[in-house]
There are 2 protein chains.
Amino acid sequence: MSARYVYDFAEGNRDLADLLGGKGANLAEMTRLGLPVPPGFVITTEACRRHLRTGAPPEELWPQVRAHLAELERRAGRRLGDPEDPLLVSVRSGARFSMPGMMETVLNVGLTDASVAGLAQRFADERLAWDSYRRLVHMFGTTVLGMRDEPFVDALHRAAPGGELRMGVTDLRSLVGVYRDLVVSHTGREFPQDPWEQLELAVRAVFASWNTPRAVLYRQRERIPDDLGTAVSVVAMVFGNAGPDSGTGVAFTRDPATGRQGAYGDYLPNAQGEDVVAGVRTPVPLRELERLDPLSHQRLLDVMSTLERHYRDLCDIEFTIERGKLWILQTRVGKRTAAAAFVVAARLAEEGLIDADEALRRVSGARLAQLLFPRFDPGTDRPRLATGVNASPGAAVGEVVFDSATAAAWAARGRRVVLVRRETNPDDLPGLVAAQGVLTSRGGKTSHAAVVARGMGKPCVCGADELEVDVAGRRLVGPGEVVVEEGAVVSVDGTTGAVYLGEVPVVPSAVAEYFERGALPAPGTEDGGAELVRAVDTLVRHADAVRRLGVRANADTPEDAERARRMGAGGIGLCRTEHMFLGERRKHVERLVLADTDAERERALAELLPLQRGDFVGILRAMDGLPVTIRLLDPPLHEFLPDLADLTARVAVARALAEERPEDERLLRAVRRLHEHNPMLGLRGVRLGLVLPGLYAMQVRAIAEAAVECAETGGNPRPQIMVPLVADATEVALARAEVRSVLAEVAAGLDVPVGTMIEVPRAALTADRVAEHADFFSLGTNDLTQMVWGFSRDDVESAFFPRYLELGVLPDSPFETLDVVGVGELVRQAVRRGRAARPDLEVGVCGEHGGDPASVHFFAEAGLDYVSCSPFRVPVARLEAGRAALAR
Amino acid sequence: MSARYVYDFAEGNRDLADLLGGKGANLAEMTRLGLPVPPGFVITTEACRRHLRTGAPPEELWPQVRAHLAELERRAGRRLGDPEDPLLVSVRSGARFSMPGMMETVLNVGLTDASVAGLAQRFADERLAWDSYRRLVHMFGTTVLGMRDEPFVDALHRAAPGGELRMGVTDLRSLVGVYRDLVVSHTGREFPQDPWEQLELAVRAVFASWNTPRAVLYRQRERIPDDLGTAVSVVAMVFGNAGPDSGTGVAFTRDPATGRQGAYGDYLPNAQGEDVVAGVRTPVPLRELERLDPLSHQRLLDVMSTLERHYRDLCDIEFTIERGKLWILQTRVGKRTAAAAFVVAARLAEEGLIDADEALRRVSGARLAQLLFPRFDPGTDRPRLATGVNASPGAAVGEVVFDSATAAAWAARGRRVVLVRRETNPDDLPGLVAAQGVLTSRGGKTSHAAVVARGMGKPCVCGADELEVDVAGRRLVGPGEVVVEEGAVVSVDGTTGAVYLGEVPVVPSAVAEYFERGALPAPGTEDGGAELVRAVDTLVRHADAVRRLGVRANADTPEDAERARRMGAGGIGLCRTEHMFLGERRKHVERLVLADTDAERERALAELLPLQRGDFVGILRAMDGLPVTIRLLDPPLHEFLPDLADLTARVAVARALAEERPEDERLLRAVRRLHEHNPMLGLRGVRLGLVLPGLYAMQVRAIAEAAVECAETGGNPRPQIMVPLVADATEVALARAEVRSVLAEVAAGLDVPVGTMIEVPRAALTADRVAEHADFFSLGTNDLTQMVWGFSRDDVESAFFPRYLELGVLPDSPFETLDVVGVGELVRQAVRRGRAARPDLEVGVCGEHGGDPASVHFFAEAGLDYVSCSPFRVPVARLEAGRAALAR
């Protein structure tokens, strides 16, 4: 039996999209539903693949097409290109995945010098016939014969200086002549007068259009495989331009912008689909059709209702009315905004069309994240100052400030500020906290500014390299020597990367306000987003009900902890104690580093103890009853000291000017001593704890004393102590022994688990040994990614990262979305080895990836107990954790 | 049946060392051989373990001891402590592994007030009897009763101001009285007069001595498990101090220093073993015994011959002659120097006592390495200036120089220099090459100086922190304000870490000279080391015959390549092209980095091309016919530029002084642009190749042109091109495509494999994907170790490394000996995945570990095809590769 390459619409269905393409399969499905689809057939993607592989369609194809064409002619009651009453067909591409506008279409196939009169006669409209013929020659020339568009467009402009709508029959007939001459002069052959030859060539042209450069590029960008091929549908033409009782339109079964119920769409009377696209005339809202043609309008509503019930989702539809008869030309599950996705999914579930699980499957964490940010009014006319990397979404407006201290001071006086820096570092944290948003001229999505801003849910535009940040001059210079002084207002769009001069109005996020507030809008409230908020709430709650993966938050302050709790976090997965060493406390750290004697060092530690204890009391109270995983000091001490190059220069200048700076000289010696070529791989984490006597003991004492204080005042503190940067089991064993001895002394009655970060590859490779000394693991996927890839996150941005994304070496930044192949393999090994040694081992993740939707899926599959992410990302993680549970 | 805790000598054998300890098992073995061993029995290590676990020996022990004692008494013909004719016994420790001097021994057990007369009567020697009693009370007091040594020593000094040998019977009798009073006053009990009680307490004391602090420490240092316990042997005493026809001695069946044949040893007439140890009298050479007691001498030679044939190895023996009767008290396979190990093994094989494989098993790469270095005359009286870390073994004498340029200049004039630096960096390479040895005041075994010196086989002492290196003042200040000016002579002992003032005579290494020269000493030559050289040659050749692992060398110059070939390398496993960017060529690199336009960059590359080509021609010629694996540029470009802090300071000072330095300013901008927080994890390796257009193409062109030149002049060049720092398969695919396109253009006829380093953890984790684009893998275990552990080799030394070695977190430096547990796991995964994708994949290793004996074993087990190491280490790797083949 020979292979089958052609399916009549009546023979297919929507499950055959691989073979018939999305469009073809849906046409078949509608035909089976009895909807008014013009008769036609589909040539399969397999035929296209054969054509692409061998350069020619399979032998069996044309006989099969002829047979199906004969059946189509029988059903249409006309023969292709019949001079008396010609059947015309459209020849359209249609792949498995939508590639809008990427491939070719030829309409009106079957029109010839002979048949044009027959068409005119059928519609009693000579202009329609010649206009259709003119379009065919133009489309055929460019699509099938490989001509450029310009000669046709030029000829049209010459023939119709007043616009093509004003052309009469004579004009059109003479234009067809000009077009046919163009074909001859450009291709050396006549425009084919054999309808079958037209059809065959059009089909081949659609096949070939799979591999046009723009289509290849599009697939690359959208990650559509290159070897799928396209199907080709051949459909009897219907004419929306056959008079005032004709027309064409697009309709949605619900509002694709808001998700609200009711039919939405556009209608253009007396026109064909391509006229809508060309924008020559402005369509009217769909409801106008009710007035123009109530019967067709009602039929359309019936069709839409059928389709929505059948597809159980928002559908979009292309339709044409030919002299009062409604034809459906295409349908598919409609694209929609993030807001509409949530509203539609929740409504369909309410209406019983789908169940709650299915509703959850139809939304995503990525789309929820979009809804959490305020947006700029899209219609702004403010001048654009620059465009950078859209590093953290949302909209921020404020006065420009150039340093952290000014940002904090101005914000304290109630002013809204935007922190502008060349790049940021941990010292800028108070400024980042105080600012509405951040703008830097260097770095990209993984720069310090970007990572911190995303963590806080603040808008950030990075790497706006058209801007020169002149901190000393307190000003910003943009393209065209535009100067922005400190205090001037700018608007920063972290979603698009745009930076505007002056204030652009901002629309706040109702969803974010809901999560912040923790209360639903009152029932019946229909103002800005109440329906959306209710939909999000419903779906996130369902996710909570089905998910097995816990969601905790990364939080270092009582305020963050409270916020995290409101956002639905089930505890704190990462509390970084180094943030407690910044700002005013820096002087204690300097004293610690400069200590020459044990006594001096102990004094410096003793000064830090009550400060740390105070921090922990606040955090444990905010998370009362929930676990709080506190990481002992991780970063190298020199991070808290001045920069080596700056200090070297300062001292050298002082020496050159014969000034005495003994304090600087002493500091320089210490900074030199602590200087490391690769601090990321140096004296930090548990190494610091084991080498610097008393440091970890002080921190553990602060935690234990805080817990005792909370417990004594009726609380239920649940601290967990985490040892960072472990590479070997012995490190944990030693640190754990010290931790437990302090705990036994200070808080003997409390059960405080002691665990470890798994962030050094060796810890993952030897996780069985490490687990013998750890009550829990927390995967530090940031550092793990750095070491597994051999990339430093601090450095890669400016160097080769962008180039690597361009070359496709990196599909995404592995610091945003977990590299499942490499880092993920080590994660799986760590979980397997850890649980083999200690079956009840709690394993979580506290890297940036804990809030990334795709990564959350992976962590759920890898069998983790929880993810921890920034408070702002908690709802996203909750939703994705629910979806992951359904996927298993 | 109750457990058996006691074995008569006649019941045991040498295979029972776990149970009877080394000493006990060998005594049993000799008894079975019919050698003259005094009768005795052994209490097992299991009894000791029970005692250590429960605090008391097992119940069954004492009845069993009584039974065996009875049998011993029967065979000796005397009863323990019998007043008429007492049997005396020694009670000695003896563990599975030798722990010399760590545990306790009690002699003369069974002597009491009553039996001392019987002993005197038996030997007709009252002095002997009272001297033995005096010794018993002293040993029993300190060992069994836990007294300090001082009271006994003080009493002895008071009683014998002229030395104990001058004491008469009366003095000794009264000293015994004083000793017994000391026992009472210090312990509140009498010295036991019951011989059985003496024995029981002595056995318990030996058990307990397993856990003395010094024994615990020793085991920790020697990595002997703590839970083995010791056996206890109870042996009838014999007396070498019973007159002029008695004596005691130690003998070796071959010379343990040189391995030469013949009996070696010492003999002390009329003395007991402990007198030899105490050094009170000087023994005579063993050959004197032939004159003193020819019969005993002949018996001893017979025993030695029996033992050597039985143990098939060099044995050492402790013996005693009691009134003309020879007794053997102990034997074991004797310790020996590295030289003796090779000579003995080769000789025993020659003599047919062992086969060649066994001979190879008995030597080691570590011992061969010791033989490759010149040594200082051990009898020097030169003052010691300081002691540092013995970072690279060998002896160097030369004039002190403080910078690389001076070192090179002086050496060029024929002067021998020692390069002295605070620490070294890649710029010091010419100085390191020129110097006899290196001395630094900072850093340890993994510092730059140490690693490079070891690579070159040059002596290096690092981290001699008593020394202050004053480069500006061209002098060195040592302890006690000793000043060493530039040009003064010092002697540096890299084997011990000692640094001497002035010249210490050096003994060159005959073995190293042999490998360097590549020729054996003429047969019959018996001068310095000829026999040793022949032995080493025999064993290394046998290793070559049996090994499956190839040995290549790391070499970057034609000279190194020639040397490697002489050393027996089967090719070059790593040729680092960055060494070709140093020195004079640095200016081209600066031009490359500062290039503002494509044209400038291409010009800089074009300048480098002929230089690189010249290097490759020389190397390919030196290795004609053998593979030469050339690594494309790996280190970050800023390594070739000035230091950021220095340059910042220079520019700041110039600005402060209002000087114009436009070139420095321009350079500073470039250095800042290239500055990375963690250069180890930054823009280097293949990243540089993919980001900097033309760089790799230039290098490949130079290789290809060089290969063509060699082939055209009749050579057989076999270059292999290696892409460094790969993390993802796409990187290799892209680099390989570029490499192959240049090869196709320049050297189409040559077959040049293109492979990749596996040095980033992700490359190992995804080795199956990487292997699809790589003809070979070379494991870069240096970088792999850094990233798997999260240690930077440049930084760890000064920070926490020493502390980690102290704490036992690191048993060894993982940069010296491969971390089999962590890094090794990833190595195994890389090999498995790589071969799964490409079964014929060639896999080698080119890290420092390729020359480390323990690591070579691991690489052989992991199924690698070859190791590559510094030329100097090639013989070591060849030998170990052979041993590894036997171990499988």
# chains A, B, ... in the order shown; residues from 1 in each chain; ligands from 1

$ select_by_dssp --residues "stretch 221-290 of chain B" --states "helix (DSSP H, G or I)" --output "NGL selection string"
:B and (221-222 or 273-278 or 288-290)

$ write_last_selection --atoms "N, CA and C atoms" --output "PDB file, in the first residue's frame"
ATOM      1  N   ARG B 221      49.952  10.116  62.323  1.00  0.00           N
ATOM      2  CA  ARG B 221      50.912  10.581  61.330  1.00  0.00           C
ATOM      3  C   ARG B 221      51.148   9.519  60.262  1.00  0.00           C
ATOM      4  N   GLU B 222      51.195   8.269  60.711  1.00  0.00           N
ATOM      5  CA  GLU B 222      51.507   7.183  59.776  1.00  0.00           C
ATOM      6  C   GLU B 222      50.250   6.556  59.174  1.00  0.00           C
ATOM      7  N   GLY B 273      70.451  -5.931  74.572  1.00  0.00           N
ATOM      8  CA  GLY B 273      69.966  -5.058  73.490  1.00  0.00           C
ATOM      9  C   GLY B 273      69.792  -3.624  73.927  1.00  0.00           C
ATOM     10  N   GLU B 274      69.273  -3.419  75.130  1.00  0.00           N
ATOM     11  CA  GLU B 274      68.992  -2.041  75.523  1.00  0.00           C
ATOM     12  C   GLU B 274      70.273  -1.230  75.701  1.00  0.00           C
ATOM     13  N   ASP B 275      71.396  -1.903  75.940  1.00  0.00           N
ATOM     14  CA  ASP B 275      72.663  -1.179  76.040  1.00  0.00           C
ATOM     15  C   ASP B 275      73.053  -0.597  74.674  1.00  0.00           C
ATOM     16  N   VAL B 276      72.739  -1.333  73.619  1.00  0.00           N
ATOM     17  CA  VAL B 276      73.031  -0.836  72.274  1.00  0.00           C
ATOM     18  C   VAL B 276      72.232   0.435  72.025  1.00  0.00           C
ATOM     19  N   VAL B 277      70.950   0.357  72.359  1.00  0.00           N
ATOM     20  CA  VAL B 277      70.067   1.507  72.155  1.00  0.00           C
ATOM     21  C   VAL B 277      70.537   2.686  72.992  1.00  0.00           C
ATOM     22  N   ALA B 278      70.925   2.399  74.279  1.00  0.00           N
ATOM     23  CA  ALA B 278      71.308   3.492  75.175  1.00  0.00           C
ATOM     24  C   ALA B 278      72.597   4.170  74.731  1.00  0.00           C
ATOM     25  N   GLU B 288      83.696  -8.537  63.110  1.00  0.00           N
ATOM     26  CA  GLU B 288      84.539  -8.796  64.289  1.00  0.00           C
ATOM     27  C   GLU B 288      84.128 -10.084  64.990  1.00  0.00           C
ATOM     28  N   LEU B 289      82.785 -10.393  64.869  1.00  0.00           N
ATOM     29  CA  LEU B 289      82.280 -11.595  65.554  1.00  0.00           C
ATOM     30  C   LEU B 289      82.973 -12.848  65.049  1.00  0.00           C
ATOM     31  N   GLU B 290      83.397 -12.823  63.794  1.00  0.00           N
ATOM     32  CA  GLU B 290      84.057 -13.997  63.214  1.00  0.00           C
ATOM     33  C   GLU B 290      85.328 -14.324  63.997  1.00  0.00           C
TER      34      GLU B 290
END

$ interface_residues --of "chain B" --to "chain A" --cutoff "8 Å" --atoms "only C-alpha atoms" --output "PyMOL selection string"
chain B and resi 644-646+648-650+652-653+656-657+674+676-683+687-688+691+727-728+730-731+760-762+765-766+786-792+794-796+799-800+803+808-809+821-823+825-826

$ residues_around --residues "A:Val628" --least-positions-apart "5" --cutoff "10 Å" --atoms "only C-alpha atoms" --output "VMD selection string"
chain A and resid 552 to 555 561 570 to 575 616 619 to 620 622 to 623 717 to 721

$ write_last_selection --atoms "C-alpha atoms" --output "PDB file, in the first residue's frame"
ATOM      1  CA  ARG A 552      10.074  29.182  51.477  1.00  0.00           C
ATOM      2  CA  ALA A 553      11.593  32.610  51.070  1.00  0.00           C
ATOM      3  CA  ASN A 554      15.047  34.126  51.156  1.00  0.00           C
ATOM      4  CA  ALA A 555      14.873  36.927  53.723  1.00  0.00           C
ATOM      5  CA  ALA A 561      10.313  37.910  56.682  1.00  0.00           C
ATOM      6  CA  GLY A 570       6.205  28.345  54.527  1.00  0.00           C
ATOM      7  CA  GLY A 571       9.369  29.531  56.264  1.00  0.00           C
ATOM      8  CA  ILE A 572      12.703  31.069  55.458  1.00  0.00           C
ATOM      9  CA  GLY A 573      14.972  28.900  53.346  1.00  0.00           C
ATOM     10  CA  LEU A 574      17.898  31.291  53.411  1.00  0.00           C
ATOM     11  CA  CYS A 575      18.696  34.026  55.879  1.00  0.00           C
ATOM     12  CA  PHE A 616      17.527  37.148  64.728  1.00  0.00           C
ATOM     13  CA  ILE A 619      13.225  37.428  62.090  1.00  0.00           C
ATOM     14  CA  LEU A 620      12.281  34.491  64.312  1.00  0.00           C
ATOM     15  CA  ALA A 622       8.120  37.319  62.127  1.00  0.00           C
ATOM     16  CA  MET A 623       8.333  33.622  61.169  1.00  0.00           C
ATOM     17  CA  PRO A 717      11.106  29.842  67.202  1.00  0.00           C
ATOM     18  CA  ARG A 718      12.354  27.233  64.720  1.00  0.00           C
ATOM     19  CA  PRO A 719      15.862  28.214  63.661  1.00  0.00           C
ATOM     20  CA  GLN A 720      17.961  25.877  61.509  1.00  0.00           C
ATOM     21  CA  ILE A 721      21.677  26.499  61.228  1.00  0.00           C
TER      22      ILE A 721
END

$ atom_distance --atom1 "atom CA of A:Asp355" --atom2 "atom CA of A:Ala535"
14.0 Å

$ atom_distance --atom1 "atom CA of A:Pro875" --atom2 "atom CA of A:Ala395"
19.8 Å

$ closest_residue --among "A:Trp196, A:Leu20, A:Val617, A:Glu562" --to "A:Arg517" --atoms "only C-alpha atoms"
A:Glu562

$ residues_around --residues "B:Gly749" --least-positions-apart "4" --cutoff "12 Å" --atoms "only C-alpha atoms" --output "ChimeraX atom specification"
/B:704-705,707-708,711-712,717,743-745

$ residues_around --residues "B:Phe123" --least-positions-apart "2" --cutoff "12 Å" --atoms "only C-alpha atoms" --output "compact mmCIF listing (two decimals) with all heavy atoms, in the first residue's frame"
# COMPACT_ATOMS: atom_id res chain seq x y z
N ASP B 85 65.98 -21.66 90.53
CA ASP B 85 66.50 -21.49 89.18
C ASP B 85 65.38 -20.82 88.35
O ASP B 85 64.63 -21.50 87.65
CB ASP B 85 66.85 -22.86 88.58
CG ASP B 85 67.43 -22.74 87.18
OD1 ASP B 85 67.73 -21.58 86.74
OD2 ASP B 85 67.56 -23.77 86.50
N PRO B 86 65.26 -19.56 88.52
CA PRO B 86 64.04 -18.90 87.98
C PRO B 86 64.06 -18.79 86.45
O PRO B 86 65.09 -18.49 85.87
CB PRO B 86 64.11 -17.51 88.61
CG PRO B 86 65.59 -17.26 88.77
CD PRO B 86 66.22 -18.58 89.09
N VAL B 116 66.32 -13.76 92.90
CA VAL B 116 67.53 -13.11 92.42
C VAL B 116 68.77 -13.97 92.71
O VAL B 116 69.69 -14.07 91.90
CB VAL B 116 67.65 -11.67 92.99
CG1 VAL B 116 67.87 -11.67 94.49
CG2 VAL B 116 68.78 -10.90 92.29
N ALA B 117 68.71 -14.67 93.86
CA ALA B 117 69.85 -15.51 94.23
C ALA B 117 69.96 -16.69 93.27
O ALA B 117 71.06 -17.10 92.87
CB ALA B 117 69.69 -16.00 95.67
N GLY B 118 68.79 -17.26 92.91
CA GLY B 118 68.80 -18.39 92.00
C GLY B 118 69.43 -17.99 90.66
O GLY B 118 70.18 -18.78 90.06
N LEU B 119 69.10 -16.79 90.18
CA LEU B 119 69.66 -16.34 88.90
C LEU B 119 71.17 -16.19 89.02
O LEU B 119 71.93 -16.60 88.13
CB LEU B 119 69.03 -15.01 88.50
CG LEU B 119 69.49 -14.45 87.14
CD1 LEU B 119 69.07 -15.37 85.99
CD2 LEU B 119 68.97 -13.04 86.90
N ALA B 120 71.59 -15.59 90.17
CA ALA B 120 73.02 -15.40 90.38
C ALA B 120 73.74 -16.74 90.36
O ALA B 120 74.81 -16.90 89.75
CB ALA B 120 73.25 -14.69 91.72
N GLN B 121 73.08 -17.69 90.96
CA GLN B 121 73.70 -19.00 91.04
C GLN B 121 73.81 -19.65 89.67
O GLN B 121 74.84 -20.23 89.32
CB GLN B 121 72.85 -19.87 91.98
CG GLN B 121 73.57 -21.12 92.39
CD GLN B 121 72.74 -21.89 93.42
OE1 GLN B 121 71.60 -21.50 93.74
NE2 GLN B 121 73.32 -22.97 93.94
N ASP B 125 77.04 -15.44 88.65
CA ASP B 125 77.34 -14.02 88.40
C ASP B 125 76.36 -13.18 89.19
O ASP B 125 75.24 -12.89 88.74
CB ASP B 125 77.23 -13.73 86.89
CG ASP B 125 77.69 -12.32 86.54
OD1 ASP B 125 77.79 -11.45 87.45
OD2 ASP B 125 77.95 -12.09 85.34
N GLU B 126 76.77 -12.78 90.39
CA GLU B 126 75.87 -12.06 91.26
C GLU B 126 75.54 -10.67 90.71
O GLU B 126 74.44 -10.17 90.85
CB GLU B 126 76.50 -11.94 92.67
CG GLU B 126 75.45 -11.98 93.76
CD GLU B 126 76.11 -12.12 95.14
OE1 GLU B 126 77.34 -12.39 95.20
OE2 GLU B 126 75.39 -11.97 96.14
N ARG B 127 76.55 -10.09 90.06
CA ARG B 127 76.32 -8.74 89.52
C ARG B 127 75.23 -8.75 88.44
O ARG B 127 74.33 -7.91 88.43
CB ARG B 127 77.63 -8.19 88.94
CG ARG B 127 77.50 -6.72 88.59
CD ARG B 127 78.69 -6.12 87.92
NE ARG B 127 78.46 -4.71 87.69
CZ ARG B 127 77.65 -4.23 86.74
NH1 ARG B 127 77.02 -5.04 85.93
NH2 ARG B 127 77.49 -2.92 86.63
N LEU B 128 75.33 -9.75 87.57
CA LEU B 128 74.31 -9.89 86.53
C LEU B 128 72.91 -9.96 87.13
O LEU B 128 71.97 -9.30 86.68
CB LEU B 128 74.60 -11.15 85.70
CG LEU B 128 73.50 -11.62 84.73
CD1 LEU B 128 73.30 -10.61 83.61
CD2 LEU B 128 73.83 -12.99 84.14
N ALA B 129 72.77 -10.75 88.20
CA ALA B 129 71.47 -10.96 88.81
C ALA B 129 70.93 -9.65 89.41
O ALA B 129 69.78 -9.26 89.16
CB ALA B 129 71.57 -12.03 89.89
N TRP B 130 71.76 -8.94 90.17
CA TRP B 130 71.27 -7.71 90.80
C TRP B 130 71.07 -6.60 89.77
O TRP B 130 70.16 -5.78 89.89
CB TRP B 130 72.22 -7.27 91.92
CG TRP B 130 72.00 -8.12 93.14
CD1 TRP B 130 72.73 -9.17 93.57
CD2 TRP B 130 70.89 -8.00 94.05
NE1 TRP B 130 72.20 -9.75 94.69
CE2 TRP B 130 71.05 -9.03 95.01
CE3 TRP B 130 69.78 -7.15 94.15
CZ2 TRP B 130 70.15 -9.21 96.07
CZ3 TRP B 130 68.90 -7.33 95.21
CH2 TRP B 130 69.09 -8.36 96.15
N VAL B 238 66.96 -14.46 77.48
CA VAL B 238 68.35 -14.93 77.35
C VAL B 238 69.23 -13.74 77.63
O VAL B 238 68.80 -12.59 77.50
CB VAL B 238 68.63 -15.54 75.96
CG1 VAL B 238 67.85 -16.83 75.77
CG2 VAL B 238 68.28 -14.54 74.85
N PHE B 239 70.51 -14.02 78.01
CA PHE B 239 71.35 -12.96 78.54
C PHE B 239 72.62 -12.79 77.72
O PHE B 239 73.50 -13.64 77.75
CB PHE B 239 71.68 -13.24 80.01
CG PHE B 239 70.47 -13.19 80.89
CD1 PHE B 239 69.66 -14.32 81.07
CD2 PHE B 239 70.09 -12.00 81.50
CE1 PHE B 239 68.52 -14.27 81.84
CE2 PHE B 239 68.94 -11.95 82.30
CZ PHE B 239 68.15 -13.09 82.47
N GLY B 240 72.68 -11.66 77.00
CA GLY B 240 73.90 -11.37 76.25
C GLY B 240 74.96 -10.75 77.14
O GLY B 240 76.10 -10.56 76.73
N ASN B 241 74.60 -10.47 78.36
CA ASN B 241 75.53 -9.84 79.28
C ASN B 241 76.05 -10.84 80.31
O ASN B 241 76.35 -10.47 81.44
CB ASN B 241 74.88 -8.63 79.95
CG ASN B 241 73.53 -8.98 80.57
OD1 ASN B 241 72.98 -10.06 80.30
ND2 ASN B 241 73.00 -8.09 81.39
N ALA B 242 76.13 -12.12 79.88
CA ALA B 242 76.53 -13.16 80.83
C ALA B 242 78.01 -13.47 80.74
O ALA B 242 78.45 -14.57 81.10
CB ALA B 242 75.69 -14.43 80.60
N GLY B 243 78.83 -12.55 80.21
CA GLY B 243 80.26 -12.77 80.19
C GLY B 243 80.87 -12.50 78.84
O GLY B 243 80.17 -12.12 77.89
N SER B 246 79.42 -13.88 75.64
CA SER B 246 78.05 -13.47 75.36
C SER B 246 78.07 -12.11 74.64
O SER B 246 79.11 -11.44 74.60
CB SER B 246 77.25 -13.35 76.65
OG SER B 246 77.23 -14.59 77.33
N GLU B 322 74.29 -16.14 74.23
CA GLU B 322 74.39 -16.35 75.68
C GLU B 322 75.37 -17.48 75.93
O GLU B 322 75.09 -18.64 75.59
CB GLU B 322 73.02 -16.70 76.27
CG GLU B 322 73.02 -16.84 77.78
CD GLU B 322 71.68 -17.36 78.32
OE1 GLU B 322 70.71 -16.57 78.37
OE2 GLU B 322 71.60 -18.56 78.66
N ARG B 323 76.53 -17.11 76.41
CA ARG B 323 77.57 -18.10 76.69
C ARG B 323 77.77 -19.06 75.52
O ARG B 323 77.64 -20.28 75.63
CB ARG B 323 77.22 -18.88 77.98
CG ARG B 323 77.12 -17.89 79.15
CD ARG B 323 77.63 -18.42 80.43
NE ARG B 323 77.85 -17.33 81.39
CZ ARG B 323 77.66 -17.43 82.69
NH1 ARG B 323 77.24 -18.56 83.22
NH2 ARG B 323 77.93 -16.41 83.47

$ residues_around --residues "B:Pro269" --least-positions-apart "4" --cutoff "7 Å" --atoms "only C-alpha atoms" --output "list in words"
Pro244, Ser246, Gly247 and Thr248 of chain B

$ residues_around --residues "A:Pro383" --least-positions-apart "3" --cutoff "12 Å" --atoms "only C-alpha atoms" --output "list in words"
Gly379, Thr380, Ala386, Thr387, Gly478, Val482, Val490, Ser491, Ala498, Val499, Tyr500, Leu501, Gly502, Glu503 and Val504 of chain A

$ atom_distance --atom1 "atom CA of B:Ala28" --atom2 "atom CA of B:Pro285"
28.4 Å

$ select_by_dssp --residues "stretch 751-811 of chain B" --states "strand (DSSP E or B)" --output "mmCIF file with C-alpha atoms, in the first residue's frame"
data_model
loop_
_atom_site.group_PDB
_atom_site.id
_atom_site.type_symbol
_atom_site.label_atom_id
_atom_site.label_comp_id
_atom_site.auth_asym_id
_atom_site.auth_seq_id
_atom_site.Cartn_x
_atom_site.Cartn_y
_atom_site.Cartn_z
ATOM 1 C CA VAL B 754 41.259 17.908 17.400
ATOM 2 C CA GLY B 755 40.325 17.284 21.016
ATOM 3 C CA THR B 756 39.505 19.012 24.221
ATOM 4 C CA MET B 757 40.596 19.471 27.782
ATOM 5 C CA ILE B 758 38.197 18.128 30.385
ATOM 6 C CA PHE B 776 40.497 12.964 22.332
ATOM 7 C CA PHE B 777 40.104 14.088 25.923
ATOM 8 C CA SER B 778 42.881 15.364 28.112
ATOM 9 C CA LEU B 779 41.906 15.639 31.766
#
